[in-house]
Amino acid sequence: MSDMLSIGRSALQVNSRALEVVGSNIANAENPDYVRRSLNVGDTTIYGSTNPLYSNFTGVGGVAINGLVRASDQFLEAATRQTGANRVRTDVMVQWLDQGEIALANNQSDIGSQLTELFGSAEELSAVPFEPALRGQFLGDIEDTVARFNQTASNLSTTTTLMNGAAAQEASELNSALAELAAVNEKLRPTKTGTSQQVALLDQRDAALTVITEKLDVEISFGDNGLADVSRGGTSLVAYDTVSPVTFVANAGGAFDIEIGGAIQPPPTNGTLGGLHRAQSDIAATSANLDSLAVQFAGEINGWQANGRTDAGAVGTAVVSHGGTAASLTTTGLTGNDLALASPAGVANGNILAFVDLRTPTGTEQQFEGLVLAQAQNLLSARSESDAATAFDVATRESRDRVSVVDLDREAADLIRLQQAYEASARIIQVARETVQSVLAIF
């Protein structure tokens with residue numbers, strides 16, 4: 001009878017705890033960092049002997065809780081971290097390359113459309129070279145072109161500054177996640193396997209690892225009791241409870257760098273920092289190309305001006321000047337009478353007729369269109385990459401979620417099953433009690 005009471009009592013305890021676990025699963029069904037739990041249950045059968053000359057005996061003691069089990073697959077978790085990092089990288093690239101395209105468009109007042117207007121003004125002026133209004137319009141179009149170069153350069157610079165701010169914020173959040181992981185490691189080491197505390201800490205560990213991998217490409221290694229160390233290219237970021245923070249370093253005219261322990265690291269290739277670095281590299285290249293176009297534009301305009309003669313017969317002086325960048329491009333303040341519209345031979349509109357010769361495949365107008373087209377192609381490529389990465393990530397997460405995420409239908413079925421098991425365990429105790437009472441009544 002004592003065996004029956006022991007069996008019933010242990011079964012009640014196990015089923016009661018199992019009901020608590022199911023309740024916890026249901027309560028955290030909407031928690032993205034929560035991994036479904038279940039009880040690992042074993043029997044308490046005891047084997048032994050009182051004398052080696054005699055046969056062994058078996059004592060039946062019911063069931064016991066061996067610990068909590070997380071429904072987690074380390075390979076699916078690793079795959080999900082990888083696909084998640086790819087997805088956020090491409091999302092960030094699309095976001096910032098789109099900003100680069102907006103910067104070039106300059107609120108639908110781009111350099112290309114203004115250059116088209118400039119060539120139109122030159123054509124009108126060539127028909128009536130002595131008309132002051134047309135000369136003023138031509139100079140005004142040159143000034144507007146210079147202003148658009150300035151504004152576009154400012155737009156790209158602002159975009160780069162915003163990207164630096166975003167990268168600095170990402171680095172700060174990365175360091176917070178690294179510190180969180182180190183704190184979890186410190187708590188995990190002395191924790192007993194299979195306890196509620198351990199599985200909760202493992203949830204926190206995986207959440208921190210997800211944040212880390214979605215910020216930066218790193219390597220993860222796992223140790224005893226679920227401890228996780230993080231490194232990058234042989235440089236440690238987290239070693240047990242020791243953290244080496246990541247430092248953001250802005251670079252003028254180029255993509256940012258990251259440092260660990262004062263040493264410059266290879267450029268990030270994945271996560272949000274990887275996406276920001278790649279997008280900023282593209283924006284920096286676009287800015288450099290714009291600077292080259294500004295210098296080319298100044299050379300073309302000033303070269304054309306130097307080939308002509310003013311109304312007074314003087315050689316044309318520079319119309320624009322620059323310091324090697326689009327932002328430094330400026331007009332020199334010439335008036336309509338300073339324009340060298342005549343040819344050296346004295347033809348009044350000879351030089352302004354030659355202005356159209358600047359409209360070549362290698363000229364500023366066509367080169368700017370090529371710059372815009374290259375930016376659009378980069379953005380289109382990033383969007384295609386983002387779509388593919390998102391689809392792959394969704395598929396991987398679905399596979400992971402089939403293992404780890406709480407299914408309310410399943411939990412509801414478990415509730416019914418465990419309630420019935422609990423009632424059956426109580427019935428065992430009741431039968432044992434009634435049996436004992438019946439035996440005692442005999443005497």
# chains A, B, ... in the order shown; residues from 1 in each chain; ligands from 1

$ select_by_dssp --residues "range 158-311 of chain A" --states "helix (DSSP H, G or I)" --output "ChimeraX atom specification"
/A:158-188,196-215,224-226,271-306

$ write_last_selection --atoms "C-alpha atoms" --output "short mmCIF file (atom, residue, chain, number, x, y, z; two decimals), in the first residue's frame"
data_model
loop_
_atom_site.label_atom_id
_atom_site.label_comp_id
_atom_site.auth_asym_id
_atom_site.auth_seq_id
_atom_site.Cartn_x
_atom_site.Cartn_y
_atom_site.Cartn_z
CA THR A 158 23.70 64.81 -45.01
CA THR A 159 22.85 61.23 -45.93
CA THR A 160 26.36 60.14 -44.95
CA THR A 161 26.08 62.00 -41.64
CA LEU A 162 22.76 60.32 -40.89
CA MET A 163 24.29 56.95 -41.72
CA ASN A 164 27.15 57.65 -39.31
CA GLY A 165 24.59 58.42 -36.61
CA ALA A 166 22.74 55.19 -37.37
CA ALA A 167 25.97 53.17 -37.31
CA ALA A 168 27.01 54.72 -33.99
CA GLN A 169 23.59 53.81 -32.55
CA GLU A 170 23.90 50.25 -33.86
CA ALA A 171 27.35 49.94 -32.27
CA SER A 172 25.94 51.18 -28.96
CA GLU A 173 23.10 48.64 -29.08
CA LEU A 174 25.62 45.93 -30.01
CA ASN A 175 27.72 46.75 -26.95
CA SER A 176 24.63 46.60 -24.74
CA ALA A 177 23.82 43.13 -26.11
CA LEU A 178 27.42 42.02 -25.55
CA ALA A 179 27.22 43.22 -21.94
CA GLU A 180 23.88 41.43 -21.52
CA LEU A 181 25.39 38.18 -22.81
CA ALA A 182 28.34 38.48 -20.42
CA ALA A 183 25.92 39.00 -17.51
CA VAL A 184 23.92 35.93 -18.57
CA ASN A 185 27.12 33.87 -18.80
CA GLU A 186 28.04 34.85 -15.27
CA LYS A 187 24.63 33.72 -13.99
CA LEU A 188 24.56 30.54 -16.07
CA SER A 196 13.58 27.06 -14.33
CA GLN A 197 16.35 29.57 -13.76
CA GLN A 198 18.62 27.93 -16.31
CA VAL A 199 16.05 27.71 -19.10
CA ALA A 200 15.06 31.36 -18.50
CA LEU A 201 18.73 32.36 -18.73
CA LEU A 202 19.10 30.36 -21.95
CA ASP A 203 16.18 32.35 -23.40
CA GLN A 204 17.98 35.56 -22.45
CA ARG A 205 21.21 34.23 -23.94
CA ASP A 206 19.57 33.44 -27.29
CA ALA A 207 17.84 36.83 -27.35
CA ALA A 208 21.20 38.56 -26.80
CA LEU A 209 22.86 36.43 -29.48
CA THR A 210 20.08 37.35 -31.94
CA VAL A 211 20.68 41.05 -31.35
CA ILE A 212 24.45 40.62 -31.69
CA THR A 213 24.29 38.69 -34.96
CA GLU A 214 21.74 41.12 -36.39
CA LYS A 215 24.24 43.93 -35.76
CA ASP A 224 29.45 23.96 -20.56
CA ASN A 225 26.04 24.73 -19.13
CA GLY A 226 25.09 26.83 -22.17
CA GLY A 271 23.90 42.56 -39.95
CA THR A 272 22.84 46.19 -39.77
CA LEU A 273 26.44 47.41 -39.52
CA GLY A 274 27.30 45.40 -42.62
CA GLY A 275 24.36 46.89 -44.52
CA LEU A 276 25.24 50.41 -43.39
CA HIS A 277 28.89 49.95 -44.35
CA ARG A 278 28.07 48.68 -47.83
CA ALA A 279 25.47 51.39 -48.45
CA GLN A 280 27.80 54.10 -47.15
CA SER A 281 30.56 52.80 -49.42
CA ASP A 282 28.21 53.20 -52.39
CA ILE A 283 27.17 56.69 -51.27
CA ALA A 284 30.82 57.67 -50.79
CA ALA A 285 31.61 56.46 -54.32
CA THR A 286 28.65 58.45 -55.66
CA SER A 287 29.89 61.57 -53.84
CA ALA A 288 33.37 61.10 -55.29
CA ASN A 289 31.92 60.69 -58.79
CA LEU A 290 29.81 63.83 -58.27
CA ASP A 291 32.95 65.76 -57.29
CA SER A 292 34.63 64.54 -60.47
CA LEU A 293 31.62 65.65 -62.51
CA ALA A 294 31.71 69.10 -60.89
CA VAL A 295 35.36 69.48 -61.82
CA GLN A 296 34.56 68.25 -65.33
CA PHE A 297 31.70 70.73 -65.63
CA ALA A 298 33.95 73.59 -64.56
CA GLY A 299 36.56 72.49 -67.08
CA GLU A 300 34.02 72.27 -69.89
CA ILE A 301 32.42 75.67 -69.19
CA ASN A 302 35.72 77.48 -68.63
CA GLY A 303 37.29 75.76 -71.65
CA TRP A 304 34.40 76.82 -73.85
CA GLN A 305 34.63 80.38 -72.50
CA ALA A 306 38.39 80.53 -73.12
#

$ select_by_dssp --residues "range 18-114 of chain A" --states "strand (DSSP E)" --output "VMD selection string"
chain A and resid 37 to 43 46 to 48 57 to 59 63 to 70

$ residues_around --residues "Gln430 in chain A" --least-positions-apart "2" --cutoff "12 Å" --atoms "only C-alpha atoms" --output "PyMOL selection string"
chain A and resi 1+4-5+7-9+423-428+432-437

$ atom_distance --atom1 "CA of Asn270 in chain A" --atom2 "CA of Asp217 in chain A"
5.0 Å

$ residues_around --residues "Ser113 in chain A" --least-positions-apart "4" --cutoff "12 Å" --atoms "only C-alpha atoms" --output "PyMOL selection string"
chain A and resi 104-109+117-120+141+144-145+148-149+364-366+368-369+372

$ residues_around --residues "Ala71 in chain A" --least-positions-apart "6" --cutoff "8 Å" --atoms "only C-alpha atoms" --output "ChimeraX atom specification"
/A:35-38,403-404

$ residues_around --residues "Gly346 in chain A" --least-positions-apart "4" --cutoff "8 Å" --atoms "only C-alpha atoms" --output "number ranges by chain"
A: 309, 313, 342, 350

$ residues_around --residues "Glu20 in chain A" --least-positions-apart "2" --cutoff "12 Å" --atoms "only C-alpha atoms" --output "number ranges by chain"
A: 13-18, 22-27, 37-39, 68, 196, 411, 414-415, 418-419

$ atom_distance --atom1 "CA of Phe130 in chain A" --atom2 "CA of Ala348 in chain A"
8.3 Å
